file entry38.txt (compact mmCIF, C-alpha atoms and all ligand atoms)
# COMPACT_ATOMS: atom_id res chain seq x y z
CA MET A 13 -91.80 -11.41 18.99
CA ALA A 14 -88.60 -13.35 18.35
CA ALA A 15 -86.34 -11.66 15.82
CA VAL A 16 -85.76 -13.57 12.59
CA LEU A 17 -82.08 -14.33 12.39
CA GLU A 18 -80.72 -14.18 8.87
CA LYS A 19 -77.84 -16.34 7.82
CA GLN A 20 -74.89 -13.97 7.46
CA LYS A 21 -72.97 -14.48 4.21
CA ILE A 22 -69.58 -15.52 5.40
CA GLU A 23 -66.42 -15.96 3.40
CA ILE A 24 -63.80 -18.49 4.47
CA LYS A 25 -60.20 -17.69 3.59
CA PRO A 26 -57.68 -20.37 4.63
CA THR A 27 -54.28 -19.09 5.76
CA GLY A 28 -52.50 -21.49 3.40
CA ALA A 29 -50.52 -22.85 6.37
CA ALA A 30 -51.14 -26.17 8.15
CA LEU A 31 -54.17 -24.71 9.91
CA GLY A 32 -56.19 -21.53 10.33
CA ALA A 33 -58.69 -19.53 8.29
CA ASP A 34 -60.15 -16.05 8.30
CA ILE A 35 -63.91 -15.81 8.47
CA GLU A 36 -65.03 -12.61 6.81
CA GLY A 37 -68.35 -10.83 6.44
CA ILE A 38 -69.62 -11.48 9.93
CA ASP A 39 -70.43 -9.29 12.92
CA LEU A 40 -70.08 -11.38 16.07
CA ALA A 41 -71.76 -8.73 18.20
CA ARG A 42 -75.04 -9.82 16.59
CA GLU A 43 -76.86 -12.95 17.59
CA LEU A 44 -76.02 -15.55 14.94
CA SER A 45 -78.61 -17.66 13.16
CA PRO A 46 -78.32 -21.45 13.53
CA LYS A 47 -77.33 -21.66 9.85
CA THR A 48 -74.50 -19.18 10.34
CA VAL A 49 -73.33 -21.09 13.41
CA ASP A 50 -73.40 -24.34 11.40
CA ALA A 51 -71.29 -22.74 8.66
CA ILE A 52 -68.77 -21.53 11.25
CA LYS A 53 -68.65 -24.97 12.87
CA GLU A 54 -67.99 -26.60 9.51
CA ALA A 55 -65.16 -24.17 8.79
CA TRP A 56 -63.81 -24.76 12.30
CA ALA A 57 -63.75 -28.53 11.80
CA ASP A 58 -61.87 -28.01 8.52
CA HIS A 59 -59.39 -25.35 9.66
CA LEU A 60 -59.08 -25.87 13.47
CA VAL A 61 -58.36 -22.19 14.18
CA LEU A 62 -60.64 -19.39 12.99
CA ARG A 63 -59.85 -15.69 12.97
CA PHE A 64 -62.55 -13.03 12.86
CA ARG A 65 -61.06 -9.57 12.27
CA GLY A 66 -62.52 -6.14 13.00
CA GLN A 67 -64.91 -7.20 15.77
CA LYS A 68 -66.25 -4.90 18.50
CA LEU A 69 -67.40 -6.99 21.42
CA ASP A 70 -68.14 -6.52 25.07
CA ASP A 71 -67.71 -9.48 27.42
CA ASP A 72 -71.36 -10.48 27.30
CA GLN A 73 -71.19 -10.60 23.48
CA LEU A 74 -67.98 -12.63 23.67
CA MET A 75 -69.70 -15.07 26.02
CA ARG A 76 -72.80 -15.26 23.80
CA PHE A 77 -70.70 -16.00 20.72
CA SER A 78 -68.65 -18.61 22.60
CA ALA A 79 -71.77 -20.35 23.88
CA ASN A 80 -72.62 -21.30 20.28
CA PHE A 81 -69.91 -23.95 20.59
CA GLY A 82 -70.99 -25.49 23.89
CA GLU A 83 -71.32 -24.75 27.58
CA LEU A 84 -69.07 -21.98 28.89
CA ASP A 85 -66.28 -23.21 31.12
CA TRP A 86 -64.62 -21.64 34.10
CA ALA A 87 -61.33 -19.86 33.55
CA PRO A 88 -58.13 -21.56 34.76
CA VAL A 89 -56.57 -21.04 38.18
CA ILE A 90 -53.88 -18.58 37.31
CA ALA A 91 -51.16 -16.70 39.10
CA ALA A 92 -52.97 -13.35 38.86
CA SER A 93 -56.48 -12.86 37.61
CA ARG A 94 -59.39 -10.51 37.32
CA VAL A 95 -62.60 -12.13 36.26
CA LYS A 96 -65.99 -11.03 34.92
CA ILE A 97 -69.26 -11.90 36.62
CA PRO A 98 -71.68 -12.72 33.76
CA GLY A 99 -74.64 -10.38 33.39
CA GLU A 100 -73.13 -7.89 35.86
CA ASP A 101 -70.87 -4.96 35.19
CA ARG A 102 -68.44 -6.23 37.81
CA TYR A 103 -65.06 -7.90 38.01
CA VAL A 104 -63.51 -9.69 40.97
CA GLU A 105 -59.85 -9.99 41.82
CA SER A 106 -59.93 -13.48 43.24
CA ALA A 107 -60.13 -16.56 41.05
CA GLU A 108 -62.02 -18.17 43.91
CA GLU A 109 -64.94 -15.75 43.89
CA GLY A 110 -67.92 -15.74 41.57
CA ARG A 111 -68.52 -17.63 38.37
CA ARG A 112 -65.51 -17.11 36.20
CA TYR A 113 -66.22 -17.22 32.49
CA ILE A 114 -63.98 -14.48 31.11
CA SER A 115 -60.33 -14.44 32.01
CA ILE A 116 -57.99 -11.60 31.26
CA ILE A 117 -54.66 -12.23 29.60
CA SER A 118 -52.58 -9.11 30.00
CA ASN A 119 -49.32 -7.59 31.17
CA ILE A 120 -51.04 -4.41 32.34
CA VAL A 121 -50.50 -3.41 35.97
CA GLU A 122 -52.96 -1.08 37.67
CA ASN A 123 -52.38 0.27 41.18
CA GLY A 124 -49.49 -2.14 41.59
CA LYS A 125 -51.62 -5.16 40.69
CA ALA A 126 -51.54 -7.26 37.52
CA ILE A 127 -55.00 -7.08 35.94
CA GLY A 128 -54.51 -10.36 34.06
CA ALA A 129 -52.41 -13.47 33.55
CA LEU A 130 -49.22 -14.43 31.70
CA GLY A 131 -47.55 -10.99 31.79
CA ALA A 132 -45.34 -10.22 28.78
CA TYR A 133 -43.55 -13.56 28.95
CA GLU A 134 -43.26 -16.21 26.34
CA SER A 135 -46.03 -18.76 26.82
CA ILE A 136 -44.69 -22.15 25.77
CA TRP A 137 -46.53 -24.75 23.66
CA HIS A 138 -49.51 -26.22 25.48
CA THR A 139 -53.18 -27.14 25.33
CA ASP A 140 -55.43 -25.14 27.62
CA MET A 141 -56.14 -26.81 30.98
CA SER A 142 -55.19 -30.27 29.72
CA TYR A 143 -54.30 -31.10 33.34
CA ASN A 144 -58.05 -31.46 34.00
CA PRO A 145 -59.87 -34.78 33.43
CA GLU A 146 -62.22 -32.97 31.01
CA PRO A 147 -60.22 -30.16 29.42
CA PRO A 148 -62.04 -27.36 27.57
CA CYS A 149 -62.70 -28.22 23.93
CA ALA A 150 -62.30 -24.66 22.69
CA SER A 151 -60.86 -21.29 23.61
CA ALA A 152 -61.65 -17.87 22.17
CA LEU A 153 -59.23 -14.96 22.56
CA TYR A 154 -60.28 -11.41 21.76
CA ALA A 155 -57.81 -8.53 21.37
CA LEU A 156 -58.57 -5.17 22.99
CA GLU A 157 -55.03 -3.76 23.07
CA VAL A 158 -51.99 -5.07 21.21
CA PRO A 159 -48.30 -4.17 21.41
CA PRO A 160 -46.62 -2.68 18.31
CA SER A 161 -44.57 -5.87 17.95
CA GLY A 162 -44.26 -9.30 19.58
CA GLY A 163 -46.96 -11.26 21.39
CA ASP A 164 -47.84 -13.33 18.29
CA THR A 165 -49.73 -16.53 19.03
CA GLY A 166 -48.65 -19.74 17.30
CA PHE A 167 -50.85 -22.77 16.63
CA SER A 168 -49.81 -26.29 15.69
CA ASN A 169 -51.94 -28.92 13.92
CA MET A 170 -52.09 -32.11 16.00
CA TYR A 171 -53.95 -34.11 13.35
CA VAL A 172 -51.00 -33.69 11.01
CA ALA A 173 -48.62 -34.35 13.91
CA TYR A 174 -50.34 -37.71 14.40
CA GLU A 175 -50.59 -38.53 10.70
CA THR A 176 -46.88 -37.85 10.10
CA LEU A 177 -45.61 -39.52 13.27
CA PRO A 178 -42.76 -41.92 12.39
CA GLY A 179 -44.04 -45.52 12.59
CA GLU A 180 -41.68 -46.65 15.33
CA LEU A 181 -42.52 -43.72 17.57
CA ARG A 182 -46.24 -44.25 16.95
CA GLN A 183 -45.98 -47.91 17.94
CA GLN A 184 -44.24 -47.02 21.19
CA VAL A 185 -46.89 -44.54 22.31
CA GLU A 186 -50.06 -46.09 20.85
CA GLY A 187 -52.50 -46.88 23.69
CA ARG A 188 -50.33 -45.08 26.28
CA LEU A 189 -51.45 -42.50 28.80
CA CYS A 190 -49.50 -39.37 29.62
CA ARG A 191 -49.63 -37.29 32.81
CA HIS A 192 -50.50 -33.61 32.17
CA ASP A 193 -49.02 -31.58 35.00
CA SER A 194 -51.11 -28.91 36.73
CA THR A 195 -48.48 -27.16 38.83
CA TYR A 196 -47.23 -24.53 36.36
CA ASN A 197 -48.88 -22.30 33.80
CA SER A 198 -47.51 -21.89 30.27
CA ALA A 199 -45.45 -18.85 31.35
CA GLY A 200 -43.64 -21.01 33.92
CA GLU A 201 -45.45 -19.56 36.95
CA LEU A 202 -46.47 -21.83 39.82
CA ARG A 203 -50.27 -21.85 40.04
CA ARG A 204 -51.95 -20.66 43.19
CA GLY A 205 -52.23 -23.45 45.75
CA PHE A 206 -49.65 -25.77 44.11
CA ASN A 207 -46.20 -26.87 45.27
CA GLU A 208 -43.15 -27.33 43.10
CA VAL A 209 -42.68 -30.80 41.61
CA THR A 210 -39.27 -32.36 41.00
CA ASP A 211 -40.26 -35.89 39.90
CA PRO A 212 -42.75 -35.93 36.97
CA ARG A 213 -44.08 -39.29 38.19
CA GLN A 214 -45.42 -37.45 41.25
CA ALA A 215 -46.95 -34.53 39.35
CA PRO A 216 -50.59 -33.69 40.05
CA GLY A 217 -52.85 -33.49 37.03
CA ALA A 218 -54.71 -35.80 34.68
CA ASP A 219 -53.68 -38.82 32.59
CA HIS A 220 -54.82 -38.71 28.97
CA PRO A 221 -54.27 -40.90 25.90
CA ILE A 222 -51.32 -39.63 23.84
CA ILE A 223 -53.34 -40.33 20.72
CA ARG A 224 -56.91 -39.14 21.01
CA THR A 225 -59.93 -39.27 18.74
CA HIS A 226 -61.75 -36.02 18.01
CA PRO A 227 -65.37 -36.56 19.11
CA VAL A 228 -66.80 -34.50 16.22
CA THR A 229 -64.56 -35.23 13.24
CA GLY A 230 -63.54 -38.77 14.27
CA ARG A 231 -59.94 -37.96 13.28
CA LYS A 232 -56.99 -38.99 15.43
CA ALA A 233 -54.70 -36.36 16.91
CA LEU A 234 -51.59 -36.28 19.02
CA PHE A 235 -52.49 -34.98 22.48
CA LEU A 236 -49.43 -33.79 24.39
CA GLY A 237 -50.79 -30.91 26.48
CA ARG A 238 -47.65 -29.62 28.17
CA ARG A 239 -44.05 -30.76 28.31
CA ARG A 240 -43.09 -29.76 31.84
CA ASN A 241 -43.43 -32.68 34.28
CA ALA A 242 -45.06 -34.86 31.62
CA TYR A 243 -44.70 -38.58 32.15
CA ILE A 244 -45.75 -41.51 29.96
CA GLN A 245 -47.28 -44.17 32.19
CA GLY A 246 -45.67 -47.60 32.08
CA PHE A 247 -42.16 -46.46 31.09
CA ASP A 248 -39.23 -45.73 33.33
CA LEU A 249 -38.54 -42.02 33.62
CA GLU A 250 -35.59 -42.02 31.22
CA ASP A 251 -37.54 -43.73 28.42
CA SER A 252 -40.53 -41.51 29.03
CA GLU A 253 -38.32 -38.41 28.72
CA ARG A 254 -36.71 -39.71 25.51
CA LEU A 255 -40.08 -40.45 23.90
CA LEU A 256 -41.58 -37.16 25.00
CA ASP A 257 -38.63 -35.20 23.60
CA ALA A 258 -39.11 -36.97 20.26
CA LEU A 259 -42.88 -36.36 20.27
CA TRP A 260 -42.52 -32.68 21.13
CA ALA A 261 -39.82 -32.07 18.54
CA HIS A 262 -42.12 -33.64 15.95
CA ALA A 263 -45.32 -31.83 17.02
CA THR A 264 -43.84 -28.33 17.00
CA ARG A 265 -42.09 -28.40 13.61
CA PRO A 266 -42.66 -25.11 11.75
CA GLU A 267 -44.51 -26.79 8.87
CA LEU A 268 -47.28 -27.78 11.30
CA THR A 269 -47.77 -24.22 12.56
CA TRP A 270 -49.39 -20.90 11.78
CA TYR A 271 -48.82 -17.63 13.68
CA GLN A 272 -51.46 -15.04 14.42
CA GLN A 273 -50.23 -11.43 14.40
CA TRP A 274 -52.77 -9.59 16.46
CA ARG A 275 -54.74 -6.50 15.55
CA ILE A 276 -57.24 -4.82 17.84
CA GLY A 277 -60.67 -6.41 17.25
CA ASP A 278 -59.33 -9.84 16.28
CA LEU A 279 -61.15 -12.78 17.77
CA VAL A 280 -59.42 -16.15 17.38
CA LEU A 281 -61.24 -19.39 18.17
CA TRP A 282 -59.26 -22.63 18.41
CA ASP A 283 -59.99 -26.29 19.02
CA ASN A 284 -58.00 -27.64 21.97
CA ARG A 285 -58.74 -31.23 20.90
CA CYS A 286 -56.50 -30.99 17.84
CA VAL A 287 -54.41 -27.82 18.30
CA MET A 288 -51.59 -26.70 20.60
CA HIS A 289 -50.65 -23.05 20.97
CA ARG A 290 -47.92 -20.78 22.29
CA ARG A 291 -47.19 -17.06 22.47
CA ASP A 292 -44.10 -14.96 21.78
CA GLU A 293 -42.87 -12.64 24.48
CA PHE A 294 -43.20 -8.89 23.96
CA ASP A 295 -41.84 -5.65 25.38
CA PRO A 296 -43.23 -5.37 28.95
CA ASN A 297 -43.30 -1.59 28.56
CA THR A 298 -46.01 -1.91 25.91
CA ARG A 299 -49.60 -2.96 26.59
CA ARG A 300 -51.44 -6.10 25.56
CA LEU A 301 -54.99 -6.81 26.70
CA MET A 302 -56.96 -9.91 25.71
CA HIS A 303 -60.24 -11.32 27.00
CA ARG A 304 -60.65 -15.05 26.85
CA SER A 305 -63.53 -17.49 27.11
CA GLN A 306 -63.53 -21.24 26.89
CA ILE A 307 -65.96 -24.07 26.27
CA LYS A 308 -66.35 -27.23 28.32
CA GLY A 309 -65.02 -30.42 26.78
CA ASP A 310 -65.23 -34.18 27.30
CA ARG A 311 -62.79 -36.69 28.69
CA PRO A 312 -60.29 -37.42 25.88
CA TYR A 313 -60.44 -40.95 24.45
C1 LIG B 401 -51.94 -18.59 26.01
O1 LIG B 401 -50.85 -19.09 25.89
O2 LIG B 401 -52.93 -19.25 26.32
C2 LIG B 401 -52.08 -17.13 25.73
C3 LIG B 401 -52.17 -16.84 24.30
C4 LIG B 401 -51.93 -15.40 24.03
O3 LIG B 401 -51.81 -14.60 24.97
O4 LIG B 401 -51.85 -15.05 22.86
call {"tool": "encode", "arguments": {"input": "entry38.txt", "output": "C-alpha cells"}}
result
Amino acid sequence: MAAVLEKQKIEIKPTGAALGADIEGIDLARELSPKTVDAIKEAWADHLVLRFRGQKLDDDQLMRFSANFGELDWAPVIAASRVKIPGEDRYVESAEEGRRYISIISNIVENGKAIGALGAYESIWHTDMSYNPEPPCASALYALEVPPSGGDTGFSNMYVAYETLPGELRQQVEGRLCRHDSTYNSAGELRRGFNEVTDPRQAPGADHPIIRTHPVTGRKALFLGRRRNAYIQGFDLEDSERLLDALWAHATRPELTWYQQWRIGDLVLWDNRCVMHRRDEFDPNTRRLMHRSQIKGDRPY
C-alpha cells in the first residue's frame, strides 16, 4: 500500500541579503509530499537559493529530492570527473560512460587521480552549463566534507541586476544575444575535447538573450552566463567588450550577493535562470567534497 506522505512543517528563514533562505524542519532523506514540495517551490521562487542544513543523504536520496524540481540532467563535461550510475553502487571515471546524474566537486586526489572537478581553485562567476542551448534550470550541491576555512560559494540575484540596470546600458543590450563560451570551466580549465579560443567571435557555445524571462515567475533577469570569450552579437568586438565589462561589474556588486559558508550536511539548491554563482579558493591541503545534481531546463527566451 502506498505510504501516506504528510506535509512536513517547514520554516522559511530569509538570509536578509539580496537572495537566499534557510528551510528548516525538513528531512530531505524522506520522500516529500506534494504539498511540501509545493511549499519548497514557492520559497524557491521567492528566494532563488535555498539552504537545507543538517541533512544526511546518499546519492539516490539526493537524486530523488532533485527530481521534485524536474527531470534530472547530465553532469557537465569537466576536466576530471567521477560519476554515479543511478540505482547502482558504482562510479565510473569517464564522463563519457554511463548516465551521469551526480557529479563530484572536490579537490581530493586518490591514487594520483582527482576524484572530482574544480580542485581547490577559485571558481569565477558563472551560470551552470549556460553554453548549452537548454541550460539546466537548477543545481543542488550537497556537502560531505568541508575545509576549515575558504571554499564559500557566492550567489548573485539576476532579477535585481536587471531591475537596477542603468537605462542607457539596458537600451543597448535589450533584445541582444550573447555567446556563452563552452571551452573553459569556471576554474579556468580547458574542457575535455575543446581547443583554446583567442577570438570570442569564434567561441563554441550557445547564443542566449542577455535579458531573459523566467518561465515560472514571469520576471525578467539578466542572463550573462560566463565572462570569458563572451560576445554580444551585432556589435564589433571592442563595443561588445565594453558593454560586457559594464554588465558584469553591475551584476556582481556585493549588494546583489549572498555567500554560503558550508557545513557538512548542507544542501543548497539554486535557480540558474535568475542566479549566478562563484566559489572562493581554499587551502589545497584541506579536503572539500561535494556531490551535485542538476535539473534540465528550457531554451532561454
Ligand atoms: C561551482 O562553481 O559550480 C562550484 C560551487 C562550489 O564548489 O561551491
call {"tool": "residues_near_ligand", "arguments": {"input": "entry38.txt", "ligand": "ligand LIG 401 (chain B)", "cutoff": "8 Å", "atoms": "all atoms listed in the file", "output": "PyMOL selection string"}}
result
chain A and resi 117-118+130+135-140+153+163-166+198-199+289-292+302
call {"tool": "closest_atom_pairs", "arguments": {"input": "entry38.txt", "of": "region 97-200 of chain A", "to": "region 208-225 of chain A", "cutoff": "8 Å", "atoms": "all atoms listed in the file", "output": "CSV"}}
result
residue,atom,partner,partner_atom,distance
A:Ser142,CA,A:Ala218,CA,7.4
A:Tyr143,CA,A:Gly217,CA,4.6
A:Asn144,CA,A:Ala218,CA,5.5
A:Pro145,CA,A:Ala218,CA,5.4
A:Tyr174,CA,A:Ile223,CA,7.5
A:Val185,CA,A:Ile222,CA,6.8
A:Glu186,CA,A:Ile223,CA,6.6
A:Gly187,CA,A:Pro221,CA,6.6
A:Arg188,CA,A:Pro221,CA,5.8
A:Leu189,CA,A:Pro221,CA,4.3
A:Cys190,CA,A:Asp219,CA,5.2
A:Arg191,CA,A:Asp219,CA,4.3
A:His192,CA,A:Ala218,CA,5.4
A:Asp193,CA,A:Gly217,CA,4.7
A:Ser194,CA,A:Gly217,CA,4.9
A:Thr195,CA,A:Glu208,CA,6.8
call {"tool": "closest_residue", "arguments": {"input": "entry38.txt", "among": "A:Trp282, A:Tyr133, A:Tyr196, A:Phe77", "to": "Ala242 (chain A)", "atoms": "all atoms listed in the file"}}
result
A:Tyr196
call {"tool": "closest_residue", "arguments": {"input": "entry38.txt", "among": "A:Gly230, A:Gly205, A:Pro26, A:Gly277", "to": "His303 (chain A)", "atoms": "all atoms listed in the file"}}
result
A:Gly277
call {"tool": "atom_distance", "arguments": {"input": "entry38.txt", "atom1": "CA of Ile127 (chain A)", "atom2": "CA of Leu202 (chain A)"}}
result
17.5 Å
call {"tool": "closest_residue", "arguments": {"input": "entry38.txt", "among": "A:Leu279, A:Cys286, A:Leu236, A:Cys149", "to": "Glu83 (chain A)", "atoms": "all atoms listed in the file"}}
result
A:Cys149
call {"tool": "closest_residue", "arguments": {"input": "entry38.txt", "among": "A:Lys53, A:His262, A:Arg65, A:His59", "to": "Asp278 (chain A)", "atoms": "all atoms listed in the file"}}
result
A:Arg65
call {"tool": "atom_distance", "arguments": {"input": "entry38.txt", "atom1": "CA of Glu157 (chain A)", "atom2": "CA of Arg299 (chain A)"}}
result
6.5 Å
call {"tool": "closest_atom_pairs", "arguments": {"input": "entry38.txt", "of": "region 131-200 of chain A", "to": "region 30-47 of chain A", "cutoff": "9 Å", "atoms": "only C-alpha atoms", "output": "JSON lines"}}
result
{"residue": "A:Phe167", "atom": "CA", "partner": "A:Leu31", "partner_atom": "CA", "distance": 7.7}
{"residue": "A:Ser168", "atom": "CA", "partner": "A:Leu31", "partner_atom": "CA", "distance": 7.4}
{"residue": "A:Asn169", "atom": "CA", "partner": "A:Leu31", "partner_atom": "CA", "distance": 6.2}
{"residue": "A:Val172", "atom": "CA", "partner": "A:Ala30", "partner_atom": "CA", "distance": 8.0}
call {"tool": "atom_distance", "arguments": {"input": "entry38.txt", "atom1": "CA of Val61 (chain A)", "atom2": "CA of Asn119 (chain A)"}}
result
24.2 Å
call {"tool": "closest_residue", "arguments": {"input": "entry38.txt", "among": "A:Glu293, A:Asp283, A:Asp310, A:Glu201", "to": "Ala57 (chain A)", "atoms": "all atoms listed in the file"}}
result
A:Asp283
call {"tool": "closest_residue", "arguments": {"input": "entry38.txt", "among": "A:Thr48, A:Thr269, A:Asn284, A:Asn297", "to": "Pro148 (chain A)", "atoms": "all atoms listed in the file"}}
result
A:Asn284
call {"tool": "build_atoms", "arguments": {"input": "entry38.txt", "residues": "region 267-289 of chain A", "atoms": "N, CA, C and O atoms", "output": "compact mmCIF listing (two decimals), in the frame of the given file"}}
result
# COMPACT_ATOMS: atom_id res chain seq x y z
N GLU A 267 -43.54 -26.51 9.94
CA GLU A 267 -44.51 -26.79 8.87
C GLU A 267 -45.89 -27.18 9.40
O GLU A 267 -46.85 -27.26 8.64
N LEU A 268 -45.98 -27.45 10.71
CA LEU A 268 -47.28 -27.78 11.30
C LEU A 268 -47.98 -26.53 11.87
O LEU A 268 -49.07 -26.62 12.41
N THR A 269 -47.31 -25.38 11.78
CA THR A 269 -47.77 -24.22 12.56
C THR A 269 -48.27 -23.06 11.69
O THR A 269 -47.97 -22.98 10.50
N TRP A 270 -49.00 -22.21 12.35
CA TRP A 270 -49.39 -20.90 11.78
C TRP A 270 -49.39 -19.89 12.94
O TRP A 270 -49.77 -20.24 14.07
N TYR A 271 -48.90 -18.67 12.64
CA TYR A 271 -48.82 -17.63 13.68
C TYR A 271 -49.81 -16.50 13.42
O TYR A 271 -49.88 -15.97 12.31
N GLN A 272 -50.52 -16.16 14.45
CA GLN A 272 -51.46 -15.04 14.42
C GLN A 272 -50.76 -13.78 14.90
O GLN A 272 -50.23 -13.72 16.00
N GLN A 273 -50.74 -12.76 14.02
CA GLN A 273 -50.23 -11.43 14.40
C GLN A 273 -51.44 -10.57 14.72
O GLN A 273 -52.23 -10.27 13.83
N TRP A 274 -51.53 -10.18 15.97
CA TRP A 274 -52.77 -9.59 16.46
C TRP A 274 -52.99 -8.17 16.00
O TRP A 274 -52.06 -7.37 15.95
N ARG A 275 -54.28 -7.88 15.70
CA ARG A 275 -54.74 -6.50 15.55
C ARG A 275 -55.89 -6.31 16.53
O ARG A 275 -56.61 -7.29 16.83
N ILE A 276 -56.09 -5.09 16.96
CA ILE A 276 -57.24 -4.82 17.84
C ILE A 276 -58.51 -5.27 17.13
O ILE A 276 -58.68 -5.01 15.93
N GLY A 277 -59.40 -5.95 17.85
CA GLY A 277 -60.67 -6.41 17.25
C GLY A 277 -60.59 -7.80 16.67
O GLY A 277 -61.60 -8.31 16.18
N ASP A 278 -59.42 -8.44 16.73
CA ASP A 278 -59.33 -9.84 16.28
C ASP A 278 -59.93 -10.76 17.33
O ASP A 278 -59.62 -10.62 18.53
N LEU A 279 -60.73 -11.70 16.89
CA LEU A 279 -61.15 -12.78 17.77
C LEU A 279 -60.66 -14.08 17.13
O LEU A 279 -60.93 -14.32 15.95
N VAL A 280 -59.93 -14.88 17.90
CA VAL A 280 -59.42 -16.15 17.38
C VAL A 280 -60.01 -17.28 18.23
O VAL A 280 -59.95 -17.24 19.46
N LEU A 281 -60.60 -18.24 17.53
CA LEU A 281 -61.24 -19.39 18.17
C LEU A 281 -60.44 -20.63 17.79
O LEU A 281 -60.19 -20.86 16.61
N TRP A 282 -60.00 -21.41 18.77
CA TRP A 282 -59.26 -22.63 18.41
C TRP A 282 -59.81 -23.85 19.12
O TRP A 282 -60.50 -23.74 20.14
N ASP A 283 -59.47 -25.01 18.55
CA ASP A 283 -59.99 -26.29 19.02
C ASP A 283 -58.89 -27.00 19.80
O ASP A 283 -57.92 -27.49 19.21
N ASN A 284 -59.05 -27.05 21.11
CA ASN A 284 -58.00 -27.64 21.97
C ASN A 284 -57.84 -29.14 21.77
O ASN A 284 -56.87 -29.72 22.24
N ARG A 285 -58.80 -29.78 21.09
CA ARG A 285 -58.74 -31.23 20.90
C ARG A 285 -57.77 -31.63 19.80
O ARG A 285 -57.40 -32.79 19.69
N CYS A 286 -57.38 -30.65 18.97
CA CYS A 286 -56.50 -30.99 17.84
C CYS A 286 -55.48 -29.89 17.54
O CYS A 286 -54.87 -29.90 16.48
N VAL A 287 -55.32 -28.95 18.51
CA VAL A 287 -54.41 -27.82 18.30
C VAL A 287 -53.64 -27.56 19.59
O VAL A 287 -54.20 -27.64 20.68
N MET A 288 -52.34 -27.27 19.46
CA MET A 288 -51.59 -26.70 20.60
C MET A 288 -51.29 -25.24 20.25
O MET A 288 -51.31 -24.86 19.08
N HIS A 289 -50.99 -24.44 21.26
CA HIS A 289 -50.65 -23.05 20.97
C HIS A 289 -49.54 -22.55 21.89
O HIS A 289 -49.25 -23.17 22.91
